[in-house]
file protein36.txt (compact mmCIF, C-alpha atoms)
# COMPACT_ATOMS: atom_id res chain seq x y z
CA MET H 11 -76.10 132.97 69.66
CA ALA H 12 -76.62 132.78 65.89
CA GLU H 13 -79.11 135.09 64.27
CA PRO H 14 -82.43 133.22 64.21
CA PRO H 15 -84.33 132.79 60.97
CA ILE H 16 -87.36 135.02 60.52
CA PRO H 17 -90.38 132.72 60.62
CA ALA H 18 -93.17 132.95 58.11
CA PRO H 19 -96.23 134.70 59.50
CA ALA H 20 -99.65 133.20 60.09
CA SER H 21 -98.65 129.55 59.97
CA SER H 22 -100.83 127.26 62.04
CA ALA H 23 -97.93 126.02 64.13
CA VAL H 24 -95.42 128.28 65.80
CA PRO H 25 -92.18 127.75 63.92
CA ASP H 26 -88.86 127.77 65.68
CA SER H 27 -85.34 126.98 64.59
CA GLN H 28 -85.11 124.79 67.69
CA PRO H 29 -88.25 122.82 68.51
CA LEU H 30 -89.17 122.36 72.16
CA ARG H 31 -87.73 119.10 73.45
CA VAL H 32 -89.06 117.61 76.65
CA GLY H 33 -87.59 114.22 77.39
CA SER H 34 -88.21 112.13 74.28
CA HIS H 35 -90.96 114.46 73.02
CA ILE H 36 -90.40 117.11 70.37
CA LEU H 37 -93.05 119.81 70.03
CA LYS H 38 -93.38 122.13 67.06
CA SER H 39 -94.98 124.84 69.15
CA ARG H 40 -93.53 126.15 72.39
CA LEU H 41 -97.03 126.94 73.60
CA ILE H 42 -98.88 124.20 75.47
CA VAL H 43 -102.55 124.88 76.10
CA GLY H 44 -105.15 123.47 78.44
CA THR H 45 -108.55 122.14 77.44
CA GLY H 46 -110.54 123.17 80.52
CA LYS H 47 -113.13 125.82 81.28
CA TYR H 48 -114.38 126.57 77.76
CA ASP H 49 -118.03 127.45 77.29
CA SER H 50 -118.32 124.70 74.68
CA LEU H 51 -116.22 121.91 73.25
CA GLN H 52 -116.47 123.49 69.79
CA LEU H 53 -115.05 126.76 71.16
CA MET H 54 -112.24 124.77 72.75
CA LYS H 55 -111.50 123.04 69.46
CA ASP H 56 -111.39 126.33 67.55
CA SER H 57 -109.19 127.93 70.21
CA LEU H 58 -106.71 125.05 70.21
CA GLU H 59 -106.45 125.38 66.45
CA ALA H 60 -105.89 129.16 66.66
CA SER H 61 -103.19 128.76 69.33
CA GLY H 62 -100.94 126.85 66.95
CA SER H 63 -100.17 124.39 69.74
CA ASP H 64 -99.54 120.71 69.09
CA CYS H 65 -99.71 119.66 72.73
CA VAL H 66 -102.73 119.99 75.02
CA THR H 67 -103.29 119.13 78.66
CA VAL H 68 -106.19 116.99 79.87
CA ALA H 69 -107.48 115.92 83.28
CA VAL H 70 -108.56 112.49 84.56
CA ARG H 71 -111.99 112.35 86.17
CA ARG H 72 -114.66 109.84 87.13
CA GLU H 73 -116.87 108.91 84.18
CA LYS H 74 -120.36 110.33 84.63
CA LEU H 75 -122.56 107.28 84.32
CA TYR H 76 -125.96 108.76 85.02
CA ASP H 77 -126.11 112.33 83.70
CA ARG H 78 -123.96 112.21 80.60
CA GLU H 79 -124.50 114.63 77.75
CA GLY H 80 -123.24 112.14 75.22
CA LYS H 81 -120.25 114.27 74.24
CA ASN H 82 -116.72 113.33 75.11
CA LEU H 83 -113.79 115.75 75.10
CA LEU H 84 -111.96 113.34 72.83
CA ASP H 85 -114.58 113.78 70.10
CA TYR H 86 -113.22 117.33 69.77
CA ILE H 87 -109.48 116.66 69.87
CA ASP H 88 -107.68 115.34 66.79
CA LEU H 89 -105.48 112.67 68.33
CA ALA H 90 -103.34 112.51 65.20
CA LYS H 91 -102.52 116.20 65.57
CA TYR H 92 -102.16 116.74 69.30
CA THR H 93 -99.96 115.06 71.85
CA LEU H 94 -102.03 114.81 75.01
CA LEU H 95 -100.41 115.73 78.31
CA PRO H 96 -102.47 114.21 81.13
CA ASN H 97 -102.30 116.06 84.44
CA THR H 98 -102.78 115.15 88.08
CA ALA H 99 -104.80 118.28 88.81
CA GLY H 100 -106.78 118.16 92.01
CA CYS H 101 -104.39 115.81 93.81
CA TYR H 102 -103.31 116.80 97.32
CA ASN H 103 -100.94 113.93 98.12
CA ALA H 104 -98.36 111.80 96.33
CA THR H 105 -100.42 108.60 96.50
CA ASP H 106 -103.35 110.18 94.67
CA ALA H 107 -101.03 111.81 92.11
CA VAL H 108 -99.41 108.47 91.26
CA ARG H 109 -102.84 106.83 91.02
CA VAL H 110 -104.17 109.50 88.66
CA ALA H 111 -100.98 109.45 86.56
CA ARG H 112 -101.31 105.69 86.08
CA LEU H 113 -104.96 106.03 85.03
CA GLY H 114 -104.09 108.78 82.56
CA ARG H 115 -101.36 106.59 81.09
CA GLU H 116 -103.81 103.70 80.76
CA ILE H 117 -106.29 105.82 78.79
CA LEU H 118 -103.62 107.31 76.53
CA LYS H 119 -102.21 103.86 75.82
CA SER H 120 -105.62 102.70 74.62
CA LEU H 121 -105.85 105.81 72.46
CA GLU H 122 -102.36 105.05 71.10
CA ASN H 123 -101.40 108.67 71.79
CA PRO H 124 -97.68 109.44 72.25
CA GLY H 125 -98.50 111.27 75.49
CA ALA H 126 -98.93 107.94 77.33
CA ASP H 127 -95.43 108.05 78.79
CA TRP H 128 -95.48 111.54 80.29
CA VAL H 129 -97.47 113.41 82.90
CA LYS H 130 -97.93 116.93 84.16
CA LEU H 131 -97.44 116.42 87.88
CA GLU H 132 -99.43 118.72 90.09
CA VAL H 133 -99.70 118.08 93.83
CA LEU H 134 -101.48 120.91 95.55
CA GLY H 135 -101.16 122.09 99.11
CA ASP H 136 -104.11 124.41 99.45
CA SER H 137 -107.38 124.86 97.57
CA LYS H 138 -107.45 128.65 97.93
CA THR H 139 -104.07 129.42 96.40
CA LEU H 140 -103.64 126.15 94.46
CA LEU H 141 -99.97 126.46 95.33
CA PRO H 142 -98.04 123.20 95.12
CA ASP H 143 -97.15 121.14 98.18
CA PRO H 144 -93.38 121.02 97.65
CA ILE H 145 -92.73 117.98 99.85
CA ALA H 146 -95.52 115.88 98.32
CA THR H 147 -94.57 117.09 94.82
CA LEU H 148 -90.99 115.93 95.27
CA GLU H 149 -92.14 112.59 96.69
CA ALA H 150 -94.56 112.02 93.79
CA CYS H 151 -91.94 113.07 91.24
CA LYS H 152 -89.51 110.45 92.53
CA LEU H 153 -92.19 107.72 92.51
CA LEU H 154 -93.31 108.54 88.97
CA VAL H 155 -89.77 108.76 87.59
CA ALA H 156 -89.10 105.33 89.14
CA GLU H 157 -92.16 104.01 87.26
CA GLY H 158 -90.77 105.28 83.97
CA PHE H 159 -92.88 108.39 83.56
CA GLN H 160 -91.43 111.50 81.98
CA VAL H 161 -92.51 114.01 84.59
CA LEU H 162 -93.27 117.65 83.78
CA CYS H 163 -93.44 119.10 87.21
CA TYR H 164 -95.59 122.04 88.26
CA THR H 165 -93.90 123.94 91.06
CA SER H 166 -93.72 127.39 92.61
CA ASP H 167 -91.08 129.85 91.43
CA ASP H 168 -88.68 128.78 94.21
CA PRO H 169 -85.25 128.16 92.65
CA ILE H 170 -84.15 125.69 95.34
CA MET H 171 -87.25 123.54 94.82
CA ALA H 172 -86.71 123.70 91.05
CA VAL H 173 -83.18 122.35 91.50
CA ARG H 174 -84.46 119.56 93.76
CA LEU H 175 -87.08 118.52 91.19
CA LYS H 176 -84.58 118.44 88.36
CA ALA H 177 -82.26 116.33 90.54
CA ALA H 178 -85.18 113.97 91.20
CA GLY H 179 -85.39 113.31 87.47
CA ALA H 180 -88.14 115.67 86.26
CA ALA H 181 -88.07 115.89 82.45
CA SER H 182 -89.11 119.53 82.79
CA VAL H 183 -89.53 121.85 85.75
CA MET H 184 -92.56 124.10 85.32
CA PRO H 185 -92.55 127.09 87.67
CA ALA H 186 -95.75 129.07 88.09
CA GLY H 187 -95.66 132.71 87.06
CA SER H 188 -98.40 133.34 89.63
CA PRO H 189 -101.25 131.26 91.11
CA ILE H 190 -103.23 129.02 88.72
CA GLY H 191 -106.01 130.89 86.96
CA SER H 192 -105.12 134.19 88.67
CA GLY H 193 -104.10 136.02 85.50
CA GLN H 194 -101.45 137.91 87.45
CA GLY H 195 -98.69 137.11 84.97
CA ILE H 196 -95.09 136.66 86.07
CA LEU H 197 -94.88 138.12 89.58
CA ASN H 198 -91.23 137.41 90.24
CA PRO H 199 -89.15 137.51 87.08
CA ASN H 200 -85.97 137.47 89.16
CA ASN H 201 -86.84 134.05 90.60
CA LEU H 202 -87.52 132.83 87.08
CA ARG H 203 -84.13 134.18 85.97
CA ILE H 204 -82.44 132.32 88.82
CA ILE H 205 -84.32 129.09 88.02
CA LEU H 206 -83.25 129.35 84.38
CA GLU H 207 -79.64 130.02 85.37
CA TYR H 208 -79.50 127.13 87.86
CA LEU H 209 -81.31 124.51 85.78
CA LYS H 210 -79.49 125.33 82.57
CA ALA H 211 -76.00 125.53 84.09
CA GLY H 212 -74.00 122.99 82.08
CA ASP H 213 -77.28 121.77 80.57
CA PRO H 214 -78.52 124.58 78.32
CA ASP H 215 -81.20 122.47 76.62
CA TYR H 216 -82.94 121.49 79.86
CA PRO H 217 -86.56 122.63 79.33
CA VAL H 218 -88.09 125.11 81.76
CA ILE H 219 -91.76 125.78 81.07
CA VAL H 220 -93.70 128.59 82.73
CA ASP H 221 -96.95 127.03 83.87
CA ALA H 222 -99.83 128.99 85.32
CA GLY H 223 -100.69 132.59 86.00
CA VAL H 224 -100.72 133.94 82.45
CA GLY H 225 -103.33 136.66 81.98
CA THR H 226 -102.61 138.02 78.52
CA ALA H 227 -100.23 137.88 75.60
CA SER H 228 -97.51 140.10 77.10
CA ASP H 229 -97.12 137.62 79.98
CA VAL H 230 -96.30 134.91 77.44
CA SER H 231 -93.82 137.14 75.62
CA MET H 232 -92.19 138.06 78.92
CA ALA H 233 -91.69 134.41 79.85
CA PHE H 234 -89.98 133.71 76.55
CA GLU H 235 -87.93 136.91 76.68
CA LEU H 236 -86.62 135.81 80.06
CA GLY H 237 -85.46 132.57 78.41
CA ALA H 238 -88.23 130.11 79.25
CA ASP H 239 -88.44 127.21 76.79
CA GLY H 240 -92.20 126.94 76.83
CA VAL H 241 -95.38 128.33 78.32
CA LEU H 242 -98.39 126.34 79.48
CA LEU H 243 -101.68 128.19 79.92
CA ASN H 244 -105.41 127.54 79.98
CA THR H 245 -107.66 130.11 81.65
CA ALA H 246 -106.18 133.12 79.86
CA ILE H 247 -107.61 131.77 76.60
CA ALA H 248 -110.68 129.90 77.86
CA HIS H 249 -112.01 132.82 79.89
CA ALA H 250 -111.02 135.62 77.52
CA ARG H 251 -113.96 137.54 76.06
CA TYR H 252 -113.04 136.12 72.64
CA PRO H 253 -111.10 132.91 73.21
CA VAL H 254 -110.19 132.27 69.56
CA ALA H 255 -108.79 135.81 69.21
CA MET H 256 -106.86 135.44 72.46
CA ALA H 257 -105.51 132.08 71.33
CA THR H 258 -104.27 133.78 68.17
CA ALA H 259 -102.66 136.51 70.29
CA MET H 260 -100.96 133.86 72.42
CA LYS H 261 -99.54 132.22 69.32
CA HIS H 262 -98.04 135.50 68.16
CA ALA H 263 -96.81 136.31 71.68
CA THR H 264 -95.01 132.97 71.74
CA LEU H 265 -93.43 133.71 68.40
CA SER H 266 -92.50 137.31 69.35
CA GLY H 267 -91.17 136.52 72.79
CA ARG H 268 -89.06 133.59 71.65
CA LEU H 269 -87.71 135.50 68.66
CA ALA H 270 -86.90 138.52 70.83
CA TYR H 271 -85.01 136.24 73.23
CA GLN H 272 -83.05 134.73 70.36
CA ALA H 273 -82.46 138.15 68.83
CA GLY H 274 -80.87 139.39 72.09
CA ARG H 275 -82.33 142.49 73.69
CA ILE H 276 -80.30 145.63 74.36
CA PRO H 277 -79.20 146.24 77.94
CA ARG H 278 -81.27 148.62 80.06
CA ARG H 279 -79.57 152.00 80.54
CA LEU H 280 -80.32 154.63 83.14
CA TYR H 281 -79.76 157.51 80.70
CA ALA H 282 -80.85 158.15 77.15
CA MET H 283 -78.77 157.48 74.06
CA ALA H 284 -79.71 159.50 70.96
CA SER H 285 -80.75 157.53 67.91
CA SER H 286 -79.94 160.44 65.55
CA PRO H 287 -76.28 161.52 65.17
CA GLU H 288 -74.90 164.36 67.28
CA ASP H 289 -72.33 165.01 64.60
CA GLY H 290 -73.47 167.58 62.05
CA SER H 291 -76.33 168.93 64.14
CA ILE H 292 -77.21 172.52 63.10
CA THR H 293 -79.14 173.42 66.23
CA SER H 294 -77.87 175.17 69.36
CA ARG H 295 -77.63 173.58 72.81
CA PRO H 296 -78.97 175.23 76.00
CA TRP H 297 -75.73 174.45 77.91
CA MET G 23 -126.94 89.00 93.52
CA ILE G 24 -123.93 90.83 94.92
CA THR G 25 -123.38 94.47 95.83
CA ILE G 26 -120.57 96.43 94.23
CA GLU G 27 -119.61 100.08 94.36
CA PHE G 28 -119.57 101.43 90.81
CA ASN G 29 -118.16 104.97 90.59
CA GLY G 30 -119.24 105.69 94.12
CA VAL G 31 -122.75 104.26 93.76
CA GLN G 32 -123.84 101.01 95.41
CA SER G 33 -125.21 98.69 92.72
CA GLU G 34 -126.62 95.18 92.78
CA VAL G 35 -125.41 92.90 89.99
CA ASP G 36 -125.60 89.25 89.13
CA GLU G 37 -122.58 87.13 90.13
CA LYS G 38 -121.93 86.37 86.47
CA THR G 39 -121.76 90.02 85.40
CA THR G 40 -118.40 90.86 83.82
CA MET G 41 -116.66 94.19 83.55
CA GLU G 42 -117.48 94.20 79.86
CA ASP G 43 -121.19 93.76 80.71
CA LEU G 44 -121.00 96.57 83.23
CA LEU G 45 -119.42 99.00 80.77
CA ARG G 46 -121.91 98.07 78.08
CA LEU G 47 -124.87 98.61 80.43
CA ALA G 48 -123.44 102.00 81.42
CA LYS G 49 -122.90 102.86 77.72
CA VAL G 50 -119.25 103.70 78.35
CA GLU G 51 -116.88 103.96 75.38
CA SER G 52 -114.12 101.74 76.76
CA ARG G 53 -111.48 103.18 74.42
CA PHE G 54 -111.82 106.53 76.21
CA CYS G 55 -111.67 105.02 79.69
CA ALA G 56 -109.50 103.34 82.27
CA VAL G 57 -110.90 101.02 84.91
CA GLU G 58 -109.76 100.37 88.45
CA LEU G 59 -110.89 97.35 90.47
CA ASN G 60 -110.18 97.92 94.16
CA LEU G 61 -107.60 100.60 93.29
CA GLU G 62 -105.69 98.38 90.84
CA ILE G 63 -105.87 99.15 87.12
CA LEU G 64 -107.70 96.41 85.26
CA PRO G 65 -106.10 95.67 81.88
CA LYS G 66 -108.51 95.94 78.96
CA ASP G 67 -108.02 92.32 77.96
CA HIS G 68 -109.46 91.28 81.34
CA TYR G 69 -112.77 93.09 80.85
CA ALA G 70 -114.51 90.15 79.18
CA SER G 71 -113.64 87.66 81.93
CA GLN G 72 -113.53 89.78 85.08
CA VAL G 73 -116.40 89.04 87.48
CA PHE G 74 -116.94 90.61 90.88
CA CYS G 75 -117.03 89.80 94.57
CA ASP G 76 -119.39 91.34 97.07
CA GLY G 77 -118.03 94.75 98.12
CA ASP G 78 -115.75 95.28 95.09
CA LYS G 79 -115.06 98.88 94.24
CA ILE G 80 -114.97 99.79 90.56
CA GLU G 81 -113.85 103.16 89.29
CA VAL G 82 -114.20 104.12 85.62
CA VAL G 83 -112.41 107.30 84.62
CA THR G 84 -112.10 109.25 81.40
CA LEU G 85 -110.36 112.39 80.15
CA VAL G 86 -111.96 115.79 80.63
CA GLY G 87 -110.85 119.33 79.91
CA GLY G 88 -108.07 120.53 82.19
CA GLY G 89 -105.03 122.74 82.40
call {"tool": "encode", "arguments": {"input": "protein36.txt", "output": "C-alpha cells"}}
result
Amino acid sequence: MAEPPIPAPASSAVPDSQPLRVGSHILKSRLIVGTGKYDSLQLMKDSLEASGSDCVTVAVRREKLYDREGKNLLDYIDLAKYTLLPNTAGCYNATDAVRVARLGREILKSLENPGADWVKLEVLGDSKTLLPDPIATLEACKLLVAEGFQVLCYTSDDPIMAVRLKAAGAASVMPAGSPIGSGQGILNPNNLRIILEYLKAGDPDYPVIVDAGVGTASDVSMAFELGADGVLLNTAIAHARYPVAMATAMKHATLSGRLAYQAGRIPRRLYAMASSPEDGSITSRPW
Amino acid sequence: MITIEFNGVQSEVDEKTTMEDLLRLAKVESRFCAVELNLEILPKDHYASQVFCDGDKIEVVTLVGGG
C-alpha cells in the first residue's frame, strides 16, 4: 500500500486519499453519525458539525398531529451539506422494514436529497438486545434490493451472515461492534477481521461499516485500524457529557484510525526489541 | 360525514375533504412528510384531488432523529 498523504489538521471534513464509496454514493468523511437522542436540536446540529461527517442517519416516525412543538428535525439539518441516510429502526419484520424504507424514500425524494435511493436496513429480533433478526434481515434485504434500493445492512458480527447479505446485494454490510447504544465497543475484533477478509476477497473496495456499540473515540480508531471502511455511531456522541467535544474526538479518531491502517502497523511481538542500538553500548550486562 | 383513521385517531370529516385539506388543517409541512392511504404511498400530486371513503386509514410520517 502506498504511503498515504498526511491530512491537514482541523478541517471540518475528515480528509482521506480514498473517499468512502457506498454504491453510487461518495462520502468525504468515513464517519456517519446519527441524529437521535440529543438533549436539543441545536446541540445535535453543533455536534454534527463538529464530527466532520457529511452523512447522517434519520428515522421515520408518525407525525405528531396534536402535541407538536413546532420544530422539525429538518429545520436543523442543512440538506445541501448532508446526505440523509433513512433507517428502518424499530422494525421487527421484513414487511414493516420495506414499508418504512419506502416512506423514507418518499420523504427524501420530496426534499430532493441524494439519500432517497438508499436505506440503512435494520430488522430487529429482540427489544432487549436490539440484535438483528438474521432471517428477516436477509428477506428484507432481498426485497429492497429488488425494488432498487441501495441497502446498507445492519447485522451482527457473524461472518457467515455478512457473506449472505453481500450475496443478496447489500451495498454495504454493517456489522455491530456490540449491541446498539451499549457503548461496549468492538467485542469481537476477530469476527470483524474475518468479515473484512471474506467480504473483501477479490473485491477490496467493498465497503464494510462498523455500526453500533461505539462508546468512545478509541473504539472508532480500533474499527478503522482493523480495516473497516466506515463507522456509524449515534449514542456515543449524543449521550456524552459534552457531545460537541466527543464529536470532535470522533472526527480525530476516524482520521487517526484510518491513517494508522493505511500507514501499516508493526506486527505484535512476544519479546522486546530495543529502540537504541546495542552496538557501541558502554555499560555492562548482568549475564 | 365519514369516519377515517388519521394517524391512529378516529376522525369525522366531510365527504369532500381532500388530503390537501387534511394536511392543511393539521398544519403539516407536506414537504417534510410522506402519506400512506390504506398502506399505499399516496403521491404528492394526488393530495389535491384525493377524497376518502368511510374507514380509510391515513398515516402521515416525517423524519425524526435516529441512529
call {"tool": "interface_residues", "arguments": {"input": "protein36.txt", "of": "chain H", "to": "chain G", "cutoff": "8 Å", "atoms": "all atoms listed in the file", "output": "number ranges by chain"}}
result
H: 43-47, 67-73, 75, 82-84, 97, 99, 113-114, 116-117, 120-121, 243-245
call {"tool": "residues_around", "arguments": {"input": "protein36.txt", "residues": "Ile24 (chain G)", "least_positions_apart": "5", "cutoff": "8 Å", "atoms": "only C-alpha atoms", "output": "tab-separated table (two decimals) with C-alpha atoms, in the coordinates of the input"}}
result
chain	number	residue	atom	x	y	z
G	34	GLU	CA	-126.62	95.18	92.78
G	35	VAL	CA	-125.41	92.90	89.99
G	36	ASP	CA	-125.60	89.25	89.13
G	37	GLU	CA	-122.58	87.13	90.13
G	75	CYS	CA	-117.03	89.80	94.57
G	76	ASP	CA	-119.39	91.34	97.07
G	77	GLY	CA	-118.03	94.75	98.12
call {"tool": "residues_around", "arguments": {"input": "protein36.txt", "residues": "region 266-277 of chain H", "least_positions_apart": "2", "cutoff": "7 Å", "atoms": "all atoms listed in the file", "output": "list in words"}}
result
Glu13, Pro14, Ser231, Met232, Phe234, Glu235, Gly237, His262, Ala263, Thr264 and Arg279 of chain H
call {"tool": "atom_distance", "arguments": {"input": "protein36.txt", "atom1": "CA of Arg40 (chain H)", "atom2": "CA of Phe159 (chain H)"}}
result
21.0 Å
call {"tool": "atom_distance", "arguments": {"input": "protein36.txt", "atom1": "CA of Asp49 (chain H)", "atom2": "CA of Ala248 (chain H)"}}
result
7.8 Å
call {"tool": "atom_distance", "arguments": {"input": "protein36.txt", "atom1": "CA of Lys91 (chain H)", "atom2": "CA of Ala156 (chain H)"}}
result
29.2 Å
call {"tool": "residues_around", "arguments": {"input": "protein36.txt", "residues": "Glu207 (chain H)", "least_positions_apart": "5", "cutoff": "12 Å", "atoms": "all atoms listed in the file", "output": "list in words"}}
result
Pro169, Ile170, Ala172, Val173, Asn200, Asn201, Leu202, Gly212, Asp213, Pro214, Asp215, Tyr216, Pro217, Val218, Leu236, Gly237 and Ala238 of chain H
call {"tool": "write_last_selection", "arguments": {"input": "protein36.txt", "atoms": "C-alpha atoms", "output": "PDB file, in the coordinates of the input"}}
result
ATOM      1  CA  PRO H 169     -85.250 128.160  92.650  1.00  0.00           C
ATOM      2  CA  ILE H 170     -84.150 125.690  95.340  1.00  0.00           C
ATOM      3  CA  ALA H 172     -86.710 123.700  91.050  1.00  0.00           C
ATOM      4  CA  VAL H 173     -83.180 122.350  91.500  1.00  0.00           C
ATOM      5  CA  ASN H 200     -85.970 137.470  89.160  1.00  0.00           C
ATOM      6  CA  ASN H 201     -86.840 134.050  90.600  1.00  0.00           C
ATOM      7  CA  LEU H 202     -87.520 132.830  87.080  1.00  0.00           C
ATOM      8  CA  GLY H 212     -74.000 122.990  82.080  1.00  0.00           C
ATOM      9  CA  ASP H 213     -77.280 121.770  80.570  1.00  0.00           C
ATOM     10  CA  PRO H 214     -78.520 124.580  78.320  1.00  0.00           C
ATOM     11  CA  ASP H 215     -81.200 122.470  76.620  1.00  0.00           C
ATOM     12  CA  TYR H 216     -82.940 121.490  79.860  1.00  0.00           C
ATOM     13  CA  PRO H 217     -86.560 122.630  79.330  1.00  0.00           C
ATOM     14  CA  VAL H 218     -88.090 125.110  81.760  1.00  0.00           C
ATOM     15  CA  LEU H 236     -86.620 135.810  80.060  1.00  0.00           C
ATOM     16  CA  GLY H 237     -85.460 132.570  78.410  1.00  0.00           C
ATOM     17  CA  ALA H 238     -88.230 130.110  79.250  1.00  0.00           C
TER      18      ALA H 238
END
call {"tool": "residues_around", "arguments": {"input": "protein36.txt", "residues": "Ile36 (chain H)", "least_positions_apart": "3", "cutoff": "12 Å", "atoms": "all atoms listed in the file", "output": "list in words"}}
result
Asp26, Gln28, Pro29, Leu30, Arg31, Val32, Gly33, Ser39, Arg40, Asp64, Cys65, Tyr92, Thr93, Pro124, Gly125, Pro217 and Gly240 of chain H
call {"tool": "axis_aligned_box", "arguments": {"input": "protein36.txt", "around": "region 72-82 of chain G", "padding_each_side": "3 Å", "output": "JSON"}}
result
{"center_x": -116.5, "center_y": 96.6, "center_z": 91.6, "size_x": 11.9, "size_y": 21.1, "size_z": 19.0}
call {"tool": "closest_residue", "arguments": {"input": "protein36.txt", "among": "G:Thr25, G:Gln32, G:Arg46, G:Met41", "to": "Ala70 (chain G)", "atoms": "all atoms listed in the file"}}
result
G:Met41
call {"tool": "residues_around", "arguments": {"input": "protein36.txt", "residues": "Lys38 (chain G)", "least_positions_apart": "5", "cutoff": "10 Å", "atoms": "only C-alpha atoms", "output": "PyMOL selection string"}}
result
chain G and resi 23-24+43+71-74
